[in-house]
Amino acid sequence: MQPFDRLPGVRHAMIPLLLLAVAAVPSARAADSPLKIDTGKIQGTRAGDDVRVYKGIPYAAPPVGKRRWQPPERPESWQGVRQCTEFSPVCPQMPYPEDSIYAAPPQPQSEDCLYLNVWTPAENADARLPVMVWIHGGALTRGSGSRELYDGTRLARRGVVLVTINYRLGPFGFLAHPALSEESSHDSSGNYGILDQIAALEWVQRNIAAFGGDPDRVTIFGESAGSWSVCALVATPLAKGLFHRAIGQSGGCFSPMHELSQERYGFPAAEELGQRLTKHLECDSADDPLAAMREKSPEEILAAVDKDASLSRARANVDGWVFPEQIFNIYAEGKQNRVAAIVGSNADEGTAFVSSSLPNSTSLFEALAERKFGDLADRALEVYPVTSDSDVRDALLHSMRDEIFTWEMRTWARMMRKADLPAYLYYFTRVPPRPESDKLGAYHAAEIVYVFDNLHLLPWESDETDAALADAMASAWVRFAASGDPNGGSLPTWKVYDIEAAPHLVFGDQVEPGHHLLEAECDFFDEYFAGKRSE
């Protein structure tokens, strides 16, 4: 759900967009003897003397031809030694707008993109190190596991095996259609990107021990749409047993979802959106519309989606198989996979997605609140008060932050607590010393470089505060992956979340505990979304 989603000055794709694909090739030298996995032997490289790196390992068969819009299948085996020294192409996607802080030069794209990458410090298979699997963001429409900031060398040096993955995006990963549901043995369609993530986790279970990883200590973590995905993987019964801890950074999945074949919550059926794409591709009059759609090039499909705003947002749907019911209900009923979690968000999530032309009139703000919140408009204006035109921008940004991020992450922590599962809530407030930091603040995705301890890859200079924060976050994430508890080192005590005390940890200029994070704001959105679910 977007707050004030039709505001002038707010980009259509302002919902978590992360992240673009920028292939990075760190300094490396030839690796050791080939490694044997279930499909054959692979050769990698080394990052320095202590980390082995394997790039572009296939975890599923190419989803092309008749495999387009099908669940992933296992990759074929090969003879000889496969060179895994270069990242694979990224999955088909449209570029970010040129003025986006996430924009980057285009990278090679292909539907044959279901590959993953591994960084390991282990010298043999007996190491049994904890495993961390990163799921990239990008609104489920952009990104890849090969972005430079996701380089796993420094996390691996802390004692984990790090995996990053690609998964199908946009119309290739989330298209539902009646014809696809009909040909499915599960009467399901859409959710292919989530099924790809599950297939990657199955690959980890089969193969990670060969890299010195422990298949019984797998942590999934992701940011933005990657965090949506983590939230969804915790919910789906198809991922049971494939991972043991979860970290969600700025993205939950508790607002109402599309249903596969019925209109609900004011959303069209997911299959209806697929039928709209069929028309845009001029395949609706073909004898076999689905076959005609599979003959279209990726570029044609992306161009058709780009012309229709209703198709440009990719989302999982309630299909009766991957998601038997609304994810909110799965958590509310305690049916989620029983894993520990770290969840949190940033202080200025919306700044990177809005232009300088946001409305700046109190009267317009009040009208927008009335249109969006209806009977709750007065409550909204109490929570986000504007006493002058100069207050409007912050009120809009804060409501966006809290609806899409803060509320989602608090809800996640509360749901885990109600199911008697440990969750640790955080709030990231550090303003990175980058250009326009005064406008961006602690923006969406700002924490990623700290989690990966990759400050050295930034084009601006960081300071001792940044270095200390990166060490604190990376260490906490690794400790959590190892034991399920992030506490230790110089970290202040990070208490397990409980609804009464509502503790969280602030990662900012100082790392310090807090309580009742934006409580009035989150309580308001509890009421708002409860009303949405009752529609």
# chains A, B, ... in the order shown; residues from 1 in each chain; ligands from 1

call {"tool": "residues_around", "arguments": {"residues": "Ala210 in chain A", "least_positions_apart": "4", "cutoff": "12 Å", "atoms": "only C-alpha atoms", "output": "ChimeraX atom specification"}}
result
/A:34-38,40-42,118,120,122-129,161,203-206,214-215

call {"tool": "residues_around", "arguments": {"residues": "Arg338 in chain A", "least_positions_apart": "5", "cutoff": "9 Å", "atoms": "only C-alpha atoms", "output": "count of residues only"}}
result
8

call {"tool": "select_by_dssp", "arguments": {"residues": "range 366-457 of chain A", "states": "strand (DSSP E or B)", "output": "VMD selection string"}}
result
chain A and resid 423 to 428 443

call {"tool": "residues_around", "arguments": {"residues": "Gln326 in chain A", "least_positions_apart": "2", "cutoff": "10 Å", "atoms": "only C-alpha atoms", "output": "PDB file with C-alpha atoms, in the first residue's frame"}}
result
ATOM      1  CA  ALA A 235       5.198 -17.669   5.944  1.00  0.00           C
ATOM      2  CA  CYS A 253       4.365  -8.347   4.001  1.00  0.00           C
ATOM      3  CA  PHE A 254       1.395  -7.711   6.287  1.00  0.00           C
ATOM      4  CA  SER A 255      -0.717  -5.328   4.242  1.00  0.00           C
ATOM      5  CA  PRO A 256      -3.461  -7.023   2.176  1.00  0.00           C
ATOM      6  CA  MET A 257      -2.295  -9.161  -0.771  1.00  0.00           C
ATOM      7  CA  HIS A 258      -3.831  -9.800  -4.169  1.00  0.00           C
ATOM      8  CA  GLU A 259      -5.869 -12.993  -4.375  1.00  0.00           C
ATOM      9  CA  ASN A 317      -0.505 -13.506  -4.456  1.00  0.00           C
ATOM     10  CA  VAL A 318      -2.637 -15.828  -2.359  1.00  0.00           C
ATOM     11  CA  ASP A 319      -2.644 -18.848  -4.673  1.00  0.00           C
ATOM     12  CA  GLY A 320      -3.617 -21.665  -2.305  1.00  0.00           C
ATOM     13  CA  PHE A 323       0.533 -18.970   0.131  1.00  0.00           C
ATOM     14  CA  PRO A 324      -2.551 -20.852   1.352  1.00  0.00           C
ATOM     15  CA  PHE A 328      -1.006 -11.603   7.780  1.00  0.00           C
ATOM     16  CA  ASN A 329      -3.349 -14.454   8.695  1.00  0.00           C
ATOM     17  CA  ILE A 330      -0.601 -17.075   8.497  1.00  0.00           C
ATOM     18  CA  TYR A 331       1.424 -15.146  11.080  1.00  0.00           C
ATOM     19  CA  ALA A 332      -1.615 -14.183  13.168  1.00  0.00           C
ATOM     20  CA  ARG A 533      -8.728  -6.254   6.165  1.00  0.00           C
TER      21      ARG A 533
END

call {"tool": "closest_atom_pairs", "arguments": {"of": "range 459-517 of chain A", "to": "range 427-439 of chain A", "cutoff": "8 Å", "atoms": "only C-alpha atoms", "output": "CSV"}}
result
residue,atom,partner,partner_atom,distance
A:Trp460,CA,A:Arg434,CA,5.9
A:Glu461,CA,A:Pro433,CA,7.1
A:Ser462,CA,A:Pro433,CA,6.3
A:Asp466,CA,A:Pro432,CA,7.6
A:His504,CA,A:Tyr427,CA,7.0
A:Leu505,CA,A:Tyr427,CA,6.2
A:Val506,CA,A:Tyr427,CA,4.8
A:Phe507,CA,A:Phe428,CA,4.7
A:Gly508,CA,A:Arg430,CA,4.1
A:Asp509,CA,A:Arg430,CA,5.7

call {"tool": "residues_around", "arguments": {"residues": "Ala367 in chain A", "least_positions_apart": "2", "cutoff": "12 Å", "atoms": "only C-alpha atoms", "output": "PyMOL selection string"}}
result
chain A and resi 4+7+359+361-365+369-374+377-378+380-381

call {"tool": "write_last_selection", "arguments": {"atoms": "N, CA, C and O atoms", "output": "PDB file, in the first residue's frame"}}
result
ATOM      1  N   PHE A   4      -0.756   8.135   0.404  1.00  0.00           N
ATOM      2  CA  PHE A   4      -0.968   9.260  -0.495  1.00  0.00           C
ATOM      3  C   PHE A   4      -0.458   8.897  -1.894  1.00  0.00           C
ATOM      4  O   PHE A   4       0.319   9.606  -2.509  1.00  0.00           O
ATOM      5  N   LEU A   7      -0.162  11.246  -4.979  1.00  0.00           N
ATOM      6  CA  LEU A   7       0.310  12.607  -4.788  1.00  0.00           C
ATOM      7  C   LEU A   7       1.167  13.068  -5.948  1.00  0.00           C
ATOM      8  O   LEU A   7       1.999  12.315  -6.434  1.00  0.00           O
ATOM      9  N   PRO A 359       3.536  18.235  -2.326  1.00  0.00           N
ATOM     10  CA  PRO A 359       2.606  19.290  -1.915  1.00  0.00           C
ATOM     11  C   PRO A 359       3.103  19.996  -0.657  1.00  0.00           C
ATOM     12  O   PRO A 359       3.652  19.365   0.246  1.00  0.00           O
ATOM     13  N   SER A 361       1.095  22.534   0.962  1.00  0.00           N
ATOM     14  CA  SER A 361      -0.045  23.313   1.445  1.00  0.00           C
ATOM     15  C   SER A 361      -0.783  22.525   2.518  1.00  0.00           C
ATOM     16  O   SER A 361      -1.108  21.343   2.313  1.00  0.00           O
ATOM     17  N   THR A 362      -1.053  23.154   3.648  1.00  0.00           N
ATOM     18  CA  THR A 362      -1.782  22.456   4.709  1.00  0.00           C
ATOM     19  C   THR A 362      -3.178  22.049   4.259  1.00  0.00           C
ATOM     20  O   THR A 362      -3.659  20.966   4.597  1.00  0.00           O
ATOM     21  N   SER A 363      -3.830  22.881   3.481  1.00  0.00           N
ATOM     22  CA  SER A 363      -5.176  22.544   3.017  1.00  0.00           C
ATOM     23  C   SER A 363      -5.150  21.332   2.094  1.00  0.00           C
ATOM     24  O   SER A 363      -6.022  20.459   2.167  1.00  0.00           O
ATOM     25  N   LEU A 364      -4.137  21.243   1.232  1.00  0.00           N
ATOM     26  CA  LEU A 364      -4.024  20.097   0.349  1.00  0.00           C
ATOM     27  C   LEU A 364      -3.696  18.833   1.147  1.00  0.00           C
ATOM     28  O   LEU A 364      -4.243  17.766   0.888  1.00  0.00           O
ATOM     29  N   PHE A 365      -2.826  18.988   2.134  1.00  0.00           N
ATOM     30  CA  PHE A 365      -2.497  17.844   2.984  1.00  0.00           C
ATOM     31  C   PHE A 365      -3.749  17.315   3.671  1.00  0.00           C
ATOM     32  O   PHE A 365      -3.987  16.099   3.714  1.00  0.00           O
ATOM     33  N   ALA A 369      -5.410  13.631   3.242  1.00  0.00           N
ATOM     34  CA  ALA A 369      -5.662  12.755   4.378  1.00  0.00           C
ATOM     35  C   ALA A 369      -7.119  12.283   4.385  1.00  0.00           C
ATOM     36  O   ALA A 369      -7.414  11.111   4.652  1.00  0.00           O
ATOM     37  N   GLU A 370      -8.023  13.180   4.065  1.00  0.00           N
ATOM     38  CA  GLU A 370      -9.445  12.827   4.009  1.00  0.00           C
ATOM     39  C   GLU A 370      -9.695  11.777   2.930  1.00  0.00           C
ATOM     40  O   GLU A 370     -10.428  10.808   3.141  1.00  0.00           O
ATOM     41  N   ARG A 371      -9.063  11.965   1.770  1.00  0.00           N
ATOM     42  CA  ARG A 371      -9.259  11.030   0.658  1.00  0.00           C
ATOM     43  C   ARG A 371      -8.676   9.659   0.967  1.00  0.00           C
ATOM     44  O   ARG A 371      -9.287   8.634   0.655  1.00  0.00           O
ATOM     45  N   LYS A 372      -7.526   9.640   1.584  1.00  0.00           N
ATOM     46  CA  LYS A 372      -6.874   8.351   1.833  1.00  0.00           C
ATOM     47  C   LYS A 372      -7.451   7.628   3.043  1.00  0.00           C
ATOM     48  O   LYS A 372      -7.711   6.425   2.997  1.00  0.00           O
ATOM     49  N   PHE A 373      -7.658   8.362   4.145  1.00  0.00           N
ATOM     50  CA  PHE A 373      -7.983   7.711   5.405  1.00  0.00           C
ATOM     51  C   PHE A 373      -9.464   7.756   5.755  1.00  0.00           C
ATOM     52  O   PHE A 373      -9.889   7.077   6.695  1.00  0.00           O
ATOM     53  N   GLY A 374     -10.260   8.529   5.032  1.00  0.00           N
ATOM     54  CA  GLY A 374     -11.698   8.549   5.266  1.00  0.00           C
ATOM     55  C   GLY A 374     -12.044   8.888   6.701  1.00  0.00           C
ATOM     56  O   GLY A 374     -11.659   9.940   7.217  1.00  0.00           O
ATOM     57  N   ALA A 377      -9.345  10.188   9.077  1.00  0.00           N
ATOM     58  CA  ALA A 377      -8.567  11.367   8.684  1.00  0.00           C
ATOM     59  C   ALA A 377      -8.210  12.240   9.882  1.00  0.00           C
ATOM     60  O   ALA A 377      -7.079  12.726   9.997  1.00  0.00           O
ATOM     61  N   ASP A 378      -9.182  12.455  10.791  1.00  0.00           N
ATOM     62  CA  ASP A 378      -8.875  13.286  11.956  1.00  0.00           C
ATOM     63  C   ASP A 378      -7.781  12.653  12.806  1.00  0.00           C
ATOM     64  O   ASP A 378      -6.896  13.360  13.331  1.00  0.00           O
ATOM     65  N   ALA A 380      -5.437  10.716  11.674  1.00  0.00           N
ATOM     66  CA  ALA A 380      -4.194  10.880  10.925  1.00  0.00           C
ATOM     67  C   ALA A 380      -3.599  12.260  11.156  1.00  0.00           C
ATOM     68  O   ALA A 380      -2.380  12.409  11.328  1.00  0.00           O
ATOM     69  N   LEU A 381      -4.444  13.269  11.191  1.00  0.00           N
ATOM     70  CA  LEU A 381      -3.959  14.635  11.383  1.00  0.00           C
ATOM     71  C   LEU A 381      -3.492  14.879  12.816  1.00  0.00           C
ATOM     72  O   LEU A 381      -2.691  15.776  13.065  1.00  0.00           O
TER      73      LEU A 381
END

call {"tool": "closest_residue", "arguments": {"among": "A:Leu368, A:Ala200, A:Ala314, A:Met293", "to": "Gly65 in chain A", "atoms": "only C-alpha atoms"}}
result
A:Met293

call {"tool": "closest_residue", "arguments": {"among": "A:Leu162, A:Cys522, A:Leu302, A:Ala246", "to": "Ile342 in chain A", "atoms": "only C-alpha atoms"}}
result
A:Ala246

call {"tool": "atom_distance", "arguments": {"atom1": "CA of Leu140 in chain A", "atom2": "CA of Arg67 in chain A"}}
result
19.5 Å
